[in-house]
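Visitor: Following this line is protein.cif, made up of mmCIF, N, CA and C atoms:
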```cif
data_run
loop_
_atom_site.label_atom_id
_atom_site.label_comp_id
_atom_site.auth_asym_id
_atom_site.auth_seq_id
_atom_site.Cartn_x
_atom_site.Cartn_y
_atom_site.Cartn_z
N GLN A 1014 133.69 107.12 69.96
CA GLN A 1014 133.25 108.35 70.62
C GLN A 1014 133.57 109.56 69.75
N VAL A 1015 132.73 110.56 69.87
CA VAL A 1015 132.90 111.80 69.12
C VAL A 1015 132.89 112.96 70.11
N GLN A 1016 133.82 113.87 69.95
CA GLN A 1016 133.84 115.09 70.76
C GLN A 1016 133.53 116.28 69.87
N LEU A 1017 132.74 117.21 70.41
CA LEU A 1017 132.30 118.37 69.65
C LEU A 1017 132.65 119.63 70.44
N VAL A 1018 133.25 120.60 69.76
CA VAL A 1018 133.59 121.87 70.39
C VAL A 1018 133.02 123.00 69.55
N GLU A 1019 132.16 123.79 70.18
CA GLU A 1019 131.48 124.89 69.48
C GLU A 1019 132.19 126.21 69.74
N SER A 1020 131.99 127.13 68.84
CA SER A 1020 132.47 128.49 69.01
C SER A 1020 131.62 129.42 68.15
N GLY A 1021 131.70 130.72 68.44
CA GLY A 1021 131.06 131.70 67.59
C GLY A 1021 129.84 132.38 68.15
N GLY A 1022 129.38 132.00 69.32
CA GLY A 1022 128.21 132.68 69.89
C GLY A 1022 128.56 134.08 70.35
N GLY A 1023 127.54 134.80 70.80
CA GLY A 1023 127.78 136.15 71.29
C GLY A 1023 126.52 136.98 71.30
N LEU A 1024 126.73 138.28 71.43
CA LEU A 1024 125.64 139.25 71.49
C LEU A 1024 125.61 140.03 70.19
N VAL A 1025 124.43 140.14 69.59
CA VAL A 1025 124.29 140.86 68.33
C VAL A 1025 122.95 141.58 68.34
N GLN A 1026 122.88 142.67 67.60
CA GLN A 1026 121.62 143.40 67.48
C GLN A 1026 120.70 142.71 66.48
N ALA A 1027 119.43 142.93 66.63
CA ALA A 1027 118.46 142.38 65.68
C ALA A 1027 118.82 142.83 64.27
N GLY A 1028 118.72 141.89 63.34
CA GLY A 1028 119.10 142.15 61.96
C GLY A 1028 120.54 141.80 61.64
N GLY A 1029 121.31 141.53 62.66
CA GLY A 1029 122.72 141.21 62.47
C GLY A 1029 122.95 139.75 62.14
N SER A 1030 124.22 139.39 62.08
CA SER A 1030 124.62 138.04 61.69
C SER A 1030 125.64 137.47 62.65
N LEU A 1031 125.62 136.16 62.75
CA LEU A 1031 126.64 135.41 63.50
C LEU A 1031 126.90 134.11 62.76
N ARG A 1032 128.11 133.58 62.94
CA ARG A 1032 128.42 132.26 62.41
C ARG A 1032 128.91 131.39 63.56
N LEU A 1033 128.23 130.27 63.73
CA LEU A 1033 128.64 129.28 64.72
C LEU A 1033 129.47 128.19 64.03
N SER A 1034 130.47 127.71 64.76
CA SER A 1034 131.30 126.62 64.25
C SER A 1034 131.29 125.47 65.25
N CYS A 1035 131.40 124.26 64.74
CA CYS A 1035 131.46 123.08 65.59
C CYS A 1035 132.49 122.14 65.00
N ALA A 1036 133.58 121.92 65.73
CA ALA A 1036 134.65 121.04 65.27
C ALA A 1036 134.51 119.68 65.93
N ALA A 1037 134.53 118.64 65.12
CA ALA A 1037 134.41 117.27 65.62
C ALA A 1037 135.76 116.60 65.66
N SER A 1038 135.94 115.75 66.66
CA SER A 1038 137.15 114.95 66.76
C SER A 1038 136.78 113.58 67.31
N GLY A 1039 137.72 112.65 67.25
CA GLY A 1039 137.44 111.30 67.71
C GLY A 1039 137.06 110.42 66.54
N SER A 1040 135.98 109.68 66.69
CA SER A 1040 135.53 108.73 65.65
C SER A 1040 134.74 109.45 64.56
N ILE A 1041 135.40 110.36 63.88
CA ILE A 1041 134.69 111.23 62.93
C ILE A 1041 134.15 110.47 61.73
N PHE A 1042 134.76 109.35 61.39
CA PHE A 1042 134.30 108.60 60.22
C PHE A 1042 132.97 107.90 60.49
N SER A 1043 132.56 107.87 61.76
CA SER A 1043 131.28 107.25 62.11
C SER A 1043 130.12 108.24 62.05
N ILE A 1044 130.44 109.52 61.82
CA ILE A 1044 129.39 110.55 61.86
C ILE A 1044 128.55 110.52 60.58
N ASN A 1045 127.24 110.51 60.75
CA ASN A 1045 126.32 110.59 59.63
C ASN A 1045 125.73 112.00 59.55
N VAL A 1046 124.96 112.36 60.53
CA VAL A 1046 124.28 113.66 60.53
C VAL A 1046 124.93 114.59 61.55
N MET A 1047 125.09 115.84 61.15
CA MET A 1047 125.51 116.89 62.09
C MET A 1047 124.47 117.99 62.06
N GLY A 1048 124.22 118.56 63.21
CA GLY A 1048 123.18 119.58 63.26
C GLY A 1048 123.35 120.54 64.40
N TRP A 1049 122.46 121.49 64.43
CA TRP A 1049 122.40 122.48 65.49
C TRP A 1049 121.00 122.46 66.11
N TYR A 1050 120.98 122.47 67.42
CA TYR A 1050 119.75 122.60 68.19
C TYR A 1050 119.87 123.85 69.04
N ARG A 1051 118.75 124.31 69.55
CA ARG A 1051 118.79 125.44 70.47
C ARG A 1051 117.76 125.26 71.57
N GLN A 1052 118.06 125.89 72.68
CA GLN A 1052 117.15 125.84 73.82
C GLN A 1052 117.09 127.21 74.46
N ALA A 1053 115.89 127.79 74.41
CA ALA A 1053 115.64 129.08 75.05
C ALA A 1053 115.16 128.83 76.47
N PRO A 1054 115.29 129.81 77.36
CA PRO A 1054 114.83 129.63 78.75
C PRO A 1054 113.37 129.23 78.82
N GLY A 1055 113.10 128.18 79.56
CA GLY A 1055 111.73 127.74 79.74
C GLY A 1055 111.14 126.96 78.57
N LYS A 1056 111.96 126.68 77.56
CA LYS A 1056 111.46 125.97 76.38
C LYS A 1056 112.26 124.68 76.17
N GLN A 1057 111.68 123.80 75.38
CA GLN A 1057 112.36 122.56 75.06
C GLN A 1057 113.43 122.79 74.00
N ARG A 1058 114.40 121.92 74.00
CA ARG A 1058 115.43 121.98 72.96
C ARG A 1058 114.78 121.63 71.62
N GLU A 1059 115.12 122.40 70.58
CA GLU A 1059 114.53 122.18 69.27
C GLU A 1059 115.59 122.15 68.19
N LEU A 1060 115.30 121.39 67.14
CA LEU A 1060 116.19 121.33 65.99
C LEU A 1060 116.16 122.65 65.24
N VAL A 1061 117.33 123.17 64.91
CA VAL A 1061 117.44 124.36 64.09
C VAL A 1061 117.74 123.97 62.64
N ALA A 1062 118.78 123.17 62.46
CA ALA A 1062 119.18 122.74 61.12
C ALA A 1062 120.07 121.52 61.23
N ALA A 1063 120.06 120.70 60.19
CA ALA A 1063 120.89 119.51 60.16
C ALA A 1063 121.37 119.25 58.75
N VAL A 1064 122.50 118.58 58.64
CA VAL A 1064 123.06 118.23 57.33
C VAL A 1064 123.61 116.82 57.41
N THR A 1065 123.30 116.01 56.40
CA THR A 1065 123.78 114.64 56.38
C THR A 1065 125.16 114.57 55.74
N SER A 1066 125.76 113.41 55.84
CA SER A 1066 127.08 113.22 55.23
C SER A 1066 127.00 113.38 53.71
N GLY A 1067 125.81 113.16 53.15
CA GLY A 1067 125.64 113.33 51.71
C GLY A 1067 125.29 114.75 51.30
N GLY A 1068 125.12 115.63 52.28
CA GLY A 1068 124.88 117.03 51.98
C GLY A 1068 123.42 117.47 52.01
N SER A 1069 122.51 116.55 52.33
CA SER A 1069 121.10 116.94 52.44
C SER A 1069 120.90 117.76 53.71
N THR A 1070 120.06 118.78 53.59
CA THR A 1070 119.84 119.67 54.72
C THR A 1070 118.37 119.70 55.13
N ASN A 1071 118.16 120.09 56.36
CA ASN A 1071 116.83 120.21 56.93
C ASN A 1071 116.84 121.41 57.87
N TYR A 1072 115.80 122.25 57.77
CA TYR A 1072 115.74 123.45 58.59
C TYR A 1072 114.40 123.55 59.32
N ALA A 1073 114.43 124.15 60.50
CA ALA A 1073 113.19 124.52 61.17
C ALA A 1073 112.53 125.62 60.35
N ASP A 1074 111.20 125.61 60.33
CA ASP A 1074 110.48 126.62 59.54
C ASP A 1074 110.85 128.03 59.98
N SER A 1075 111.11 128.20 61.26
CA SER A 1075 111.36 129.54 61.80
C SER A 1075 112.68 130.15 61.33
N VAL A 1076 113.56 129.33 60.77
CA VAL A 1076 114.87 129.86 60.35
C VAL A 1076 115.09 129.76 58.84
N LYS A 1077 114.18 129.14 58.13
CA LYS A 1077 114.34 129.00 56.68
C LYS A 1077 114.49 130.35 56.01
N GLY A 1078 115.47 130.44 55.13
CA GLY A 1078 115.73 131.68 54.42
C GLY A 1078 116.65 132.63 55.16
N ARG A 1079 116.92 132.34 56.45
CA ARG A 1079 117.79 133.21 57.25
C ARG A 1079 119.06 132.49 57.69
N PHE A 1080 118.95 131.20 57.97
CA PHE A 1080 120.09 130.41 58.45
C PHE A 1080 120.53 129.44 57.36
N THR A 1081 121.83 129.19 57.34
CA THR A 1081 122.38 128.20 56.41
C THR A 1081 123.35 127.30 57.17
N ILE A 1082 123.16 126.00 57.01
CA ILE A 1082 124.08 125.03 57.62
C ILE A 1082 124.96 124.47 56.51
N PHE A 1083 126.24 124.36 56.78
CA PHE A 1083 127.12 123.72 55.81
C PHE A 1083 128.26 123.03 56.54
N ARG A 1084 128.79 122.06 55.86
CA ARG A 1084 129.73 121.13 56.48
C ARG A 1084 131.01 121.11 55.66
N GLU A 1085 132.11 121.25 56.34
CA GLU A 1085 133.42 121.22 55.69
C GLU A 1085 134.10 119.94 56.13
N ASN A 1086 133.94 118.89 55.36
CA ASN A 1086 134.40 117.58 55.77
C ASN A 1086 135.91 117.51 55.98
N ALA A 1087 136.66 118.26 55.19
CA ALA A 1087 138.12 118.23 55.32
C ALA A 1087 138.58 118.74 56.68
N LYS A 1088 137.75 119.60 57.29
CA LYS A 1088 138.08 120.16 58.60
C LYS A 1088 137.22 119.55 59.71
N ASN A 1089 136.39 118.58 59.35
CA ASN A 1089 135.50 117.94 60.32
C ASN A 1089 134.69 118.97 61.10
N THR A 1090 134.21 119.96 60.39
CA THR A 1090 133.55 121.10 61.02
C THR A 1090 132.20 121.37 60.34
N VAL A 1091 131.23 121.71 61.14
CA VAL A 1091 129.94 122.14 60.63
C VAL A 1091 129.70 123.57 61.10
N TYR A 1092 129.10 124.36 60.23
CA TYR A 1092 128.88 125.77 60.50
C TYR A 1092 127.38 126.07 60.43
N LEU A 1093 126.99 127.10 61.17
CA LEU A 1093 125.64 127.63 61.05
C LEU A 1093 125.76 129.14 60.84
N GLN A 1094 125.50 129.56 59.62
CA GLN A 1094 125.49 130.98 59.30
C GLN A 1094 124.10 131.53 59.59
N MET A 1095 124.03 132.48 60.49
CA MET A 1095 122.75 133.03 60.93
C MET A 1095 122.67 134.50 60.51
N ASN A 1096 121.74 134.80 59.63
CA ASN A 1096 121.53 136.16 59.16
C ASN A 1096 120.16 136.65 59.59
N SER A 1097 119.96 137.96 59.53
CA SER A 1097 118.68 138.57 59.88
C SER A 1097 118.19 138.05 61.22
N LEU A 1098 119.07 138.08 62.19
CA LEU A 1098 118.72 137.52 63.50
C LEU A 1098 117.62 138.33 64.18
N LYS A 1099 116.79 137.60 64.92
CA LYS A 1099 115.67 138.19 65.64
C LYS A 1099 115.83 137.92 67.14
N PRO A 1100 115.21 138.73 67.97
CA PRO A 1100 115.29 138.47 69.42
C PRO A 1100 114.84 137.06 69.79
N GLU A 1101 113.88 136.53 69.05
CA GLU A 1101 113.40 135.18 69.37
C GLU A 1101 114.40 134.09 68.99
N ASP A 1102 115.48 134.44 68.37
CA ASP A 1102 116.56 133.47 68.11
C ASP A 1102 117.48 133.32 69.32
N THR A 1103 117.27 134.14 70.33
CA THR A 1103 118.09 134.07 71.54
C THR A 1103 117.93 132.70 72.21
N ALA A 1104 119.05 132.04 72.44
CA ALA A 1104 119.03 130.69 73.03
C ALA A 1104 120.46 130.21 73.20
N VAL A 1105 120.59 129.09 73.88
CA VAL A 1105 121.85 128.36 73.87
C VAL A 1105 121.80 127.40 72.69
N TYR A 1106 122.81 127.47 71.84
CA TYR A 1106 122.87 126.64 70.64
C TYR A 1106 123.84 125.48 70.89
N TYR A 1107 123.35 124.29 70.56
CA TYR A 1107 124.13 123.07 70.79
C TYR A 1107 124.43 122.38 69.46
N CYS A 1108 125.65 121.98 69.30
CA CYS A 1108 126.02 121.16 68.15
C CYS A 1108 125.71 119.70 68.47
N ASN A 1109 125.25 118.99 67.47
CA ASN A 1109 124.90 117.57 67.63
C ASN A 1109 125.49 116.77 66.49
N ALA A 1110 125.94 115.58 66.82
CA ALA A 1110 126.38 114.63 65.80
C ALA A 1110 125.72 113.30 66.07
N GLU A 1111 125.25 112.68 65.00
CA GLU A 1111 124.64 111.35 65.11
C GLU A 1111 125.46 110.40 64.26
N ASP A 1112 125.87 109.28 64.85
CA ASP A 1112 126.67 108.34 64.06
C ASP A 1112 125.76 107.31 63.38
N TYR A 1113 126.37 106.43 62.61
CA TYR A 1113 125.59 105.47 61.83
C TYR A 1113 124.91 104.44 62.72
N GLY A 1114 125.34 104.37 64.00
CA GLY A 1114 124.67 103.51 64.95
C GLY A 1114 123.58 104.24 65.71
N GLU A 1115 123.30 105.48 65.27
CA GLU A 1115 122.26 106.34 65.84
C GLU A 1115 122.56 106.76 67.27
N SER A 1116 123.84 106.79 67.64
CA SER A 1116 124.22 107.38 68.91
C SER A 1116 124.38 108.88 68.73
N ASP A 1117 123.99 109.62 69.75
CA ASP A 1117 124.03 111.07 69.71
C ASP A 1117 125.18 111.60 70.55
N TYR A 1118 125.81 112.65 70.04
CA TYR A 1118 126.86 113.36 70.77
C TYR A 1118 126.52 114.85 70.77
N TRP A 1119 126.88 115.52 71.87
CA TRP A 1119 126.51 116.92 72.04
C TRP A 1119 127.73 117.75 72.42
N GLY A 1120 127.73 118.98 71.93
CA GLY A 1120 128.70 119.96 72.37
C GLY A 1120 128.24 120.59 73.68
N GLN A 1121 129.06 121.50 74.18
CA GLN A 1121 128.78 122.10 75.49
C GLN A 1121 127.77 123.24 75.40
N GLY A 1122 127.51 123.73 74.20
CA GLY A 1122 126.56 124.82 74.01
C GLY A 1122 127.26 126.17 73.94
N THR A 1123 126.68 127.05 73.16
CA THR A 1123 127.19 128.41 73.04
C THR A 1123 126.00 129.38 73.04
N GLN A 1124 126.12 130.44 73.80
CA GLN A 1124 125.01 131.38 73.98
C GLN A 1124 124.94 132.35 72.80
N VAL A 1125 123.75 132.50 72.27
CA VAL A 1125 123.46 133.52 71.26
C VAL A 1125 122.39 134.43 71.83
N THR A 1126 122.69 135.72 71.89
CA THR A 1126 121.74 136.70 72.41
C THR A 1126 121.53 137.77 71.36
N VAL A 1127 120.27 137.99 70.99
CA VAL A 1127 119.91 138.99 70.00
C VAL A 1127 119.12 140.08 70.69
N SER A 1128 119.65 141.28 70.67
CA SER A 1128 118.98 142.40 71.32
C SER A 1128 118.07 143.14 70.34
N SER A 1129 117.00 143.66 70.86
CA SER A 1129 116.03 144.37 69.99
C SER A 1129 116.37 145.85 69.87
#
```
Re-express the file's structure as structure tokens.
Guide:
Amino acid sequence: QVQLVESGGGLVQAGGSLRLSCAASGSIFSINVMGWYRQAPGKQRELVAAVTSGGSTNYADSVKGRFTIFRENAKNTVYLQMNSLKPEDTAVYYCNAEDYGESDYWGQGTQVTVSS
């Protein structure tokens, strides 16, 4: 089992920056991919960015060039640096971990609100 605890959400003006953190505990050696998803009101949850244990990254087109995902293995933590935030980035952001058995684990979510 893997437990995920997120932090770093909040309220920011358009054009501002936030950094989200997600600390993993439990069976951390089983984790392959870590990522961030988001869900806005009335919309489906969508992938924002993901990073594999080997360091390969994947981003949603809507955040490319603005968001950066990186993983600090020594701290079992994944970060999402969000720059040039837009009102449409407003959502609940969820940390996700996928283990080598393709089981998914989720954090509790953290609210990000971008005001115009």
Visitor: Going by the chain IDs and residue numbers used in this file, which residues fall under the PyMOL selection byres (((chain A and resi 1022 and name CA) around 10) and name CA)? Write them as an MDAnalysis selection string.
Guide: chainID A and resid 1019:1021 1023:1025 1031:1034 1104:1106 1122:1126
Visitor: Using all atoms listed in the file, what does the table of range 1020-1047 of chain A residues within 8 Å of range 1070-1088 of chain A look like, with each row giving the shortest atom pair and its distance in Å to one decimal, sorted by chain and ascending number, as a tab-separated table?
Guide:
```
residue	atom	partner	partner_atom	distance
A:Cys1035	C	A:Lys1088	C	7.6
A:Ala1036	CA	A:Lys1088	C	6.3
A:Ala1037	N	A:Lys1088	C	6.1
```
Visitor: CA of Lys1099 in chain A and CA of Thr1065 in chain A, how far apart in Å?
Guide: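 Between CA of Thr1065 in chain A and CA of Lys1099 in chain A the gap works out to 26.6 Å.
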Visitor: Mind telling me what the PyMOL selection byres ((chain A and resi 1049) around 5) catches here, as an MDAnalysis selection string?
Guide: chainID A and resid 1047:1048 1050:1051 1060:1063 1107:1109
Visitor: For Gln1052 in chain A, which residue out of A:Val1064, A:Ser1128, A:Gly1114, A:Thr1103 is the nearest one, using all atoms listed in the file?
Guide: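 Nearest to Gln1052 in chain A: A:Thr1103.
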Visitor: Rebuild range 1059-1076 of chain A to N, CA, C and O atoms - output it as a short mmCIF file (atom, residue, chain, number, x, y, z; two decimals), in the coordinates of the input, please.
Guide:
```
data_model
loop_
_atom_site.label_atom_id
_atom_site.label_comp_id
_atom_site.auth_asym_id
_atom_site.auth_seq_id
_atom_site.Cartn_x
_atom_site.Cartn_y
_atom_site.Cartn_z
N GLU A 1059 115.12 122.40 70.58
CA GLU A 1059 114.53 122.18 69.27
C GLU A 1059 115.59 122.15 68.19
O GLU A 1059 116.64 122.78 68.30
N LEU A 1060 115.30 121.39 67.14
CA LEU A 1060 116.19 121.33 65.99
C LEU A 1060 116.16 122.65 65.24
O LEU A 1060 115.08 123.17 64.94
N VAL A 1061 117.33 123.17 64.91
CA VAL A 1061 117.44 124.36 64.09
C VAL A 1061 117.74 123.97 62.64
O VAL A 1061 117.06 124.39 61.71
N ALA A 1062 118.78 123.17 62.46
CA ALA A 1062 119.18 122.74 61.12
C ALA A 1062 120.07 121.52 61.23
O ALA A 1062 120.75 121.33 62.25
N ALA A 1063 120.06 120.70 60.19
CA ALA A 1063 120.89 119.51 60.16
C ALA A 1063 121.37 119.25 58.75
O ALA A 1063 120.71 119.66 57.78
N VAL A 1064 122.50 118.58 58.64
CA VAL A 1064 123.06 118.23 57.33
C VAL A 1064 123.61 116.82 57.41
O VAL A 1064 124.30 116.45 58.36
N THR A 1065 123.30 116.01 56.40
CA THR A 1065 123.78 114.64 56.38
C THR A 1065 125.16 114.57 55.74
O THR A 1065 125.65 115.55 55.15
N SER A 1066 125.76 113.41 55.84
CA SER A 1066 127.08 113.22 55.23
C SER A 1066 127.00 113.38 53.71
O SER A 1066 128.00 113.72 53.08
N GLY A 1067 125.81 113.16 53.15
CA GLY A 1067 125.64 113.33 51.71
C GLY A 1067 125.29 114.75 51.30
O GLY A 1067 125.17 115.04 50.10
N GLY A 1068 125.12 115.63 52.28
CA GLY A 1068 124.88 117.03 51.98
C GLY A 1068 123.42 117.47 52.01
O GLY A 1068 123.11 118.63 51.77
N SER A 1069 122.51 116.55 52.33
CA SER A 1069 121.10 116.94 52.44
C SER A 1069 120.90 117.76 53.71
O SER A 1069 121.47 117.44 54.75
N THR A 1070 120.06 118.78 53.59
CA THR A 1070 119.84 119.67 54.72
C THR A 1070 118.37 119.70 55.13
O THR A 1070 117.48 119.41 54.32
N ASN A 1071 118.16 120.09 56.36
CA ASN A 1071 116.83 120.21 56.93
C ASN A 1071 116.84 121.41 57.87
O ASN A 1071 117.79 121.58 58.65
N TYR A 1072 115.80 122.25 57.77
CA TYR A 1072 115.74 123.45 58.59
C TYR A 1072 114.40 123.55 59.32
O TYR A 1072 113.37 123.14 58.79
N ALA A 1073 114.43 124.15 60.50
CA ALA A 1073 113.19 124.52 61.17
C ALA A 1073 112.53 125.62 60.35
O ALA A 1073 113.21 126.48 59.77
N ASP A 1074 111.20 125.61 60.33
CA ASP A 1074 110.48 126.62 59.54
C ASP A 1074 110.85 128.03 59.98
O ASP A 1074 110.91 128.94 59.15
N SER A 1075 111.11 128.20 61.26
CA SER A 1075 111.36 129.54 61.80
C SER A 1075 112.68 130.15 61.33
O SER A 1075 112.88 131.35 61.46
N VAL A 1076 113.56 129.33 60.77
CA VAL A 1076 114.87 129.86 60.35
C VAL A 1076 115.09 129.76 58.84
O VAL A 1076 116.11 130.23 58.33
#
```
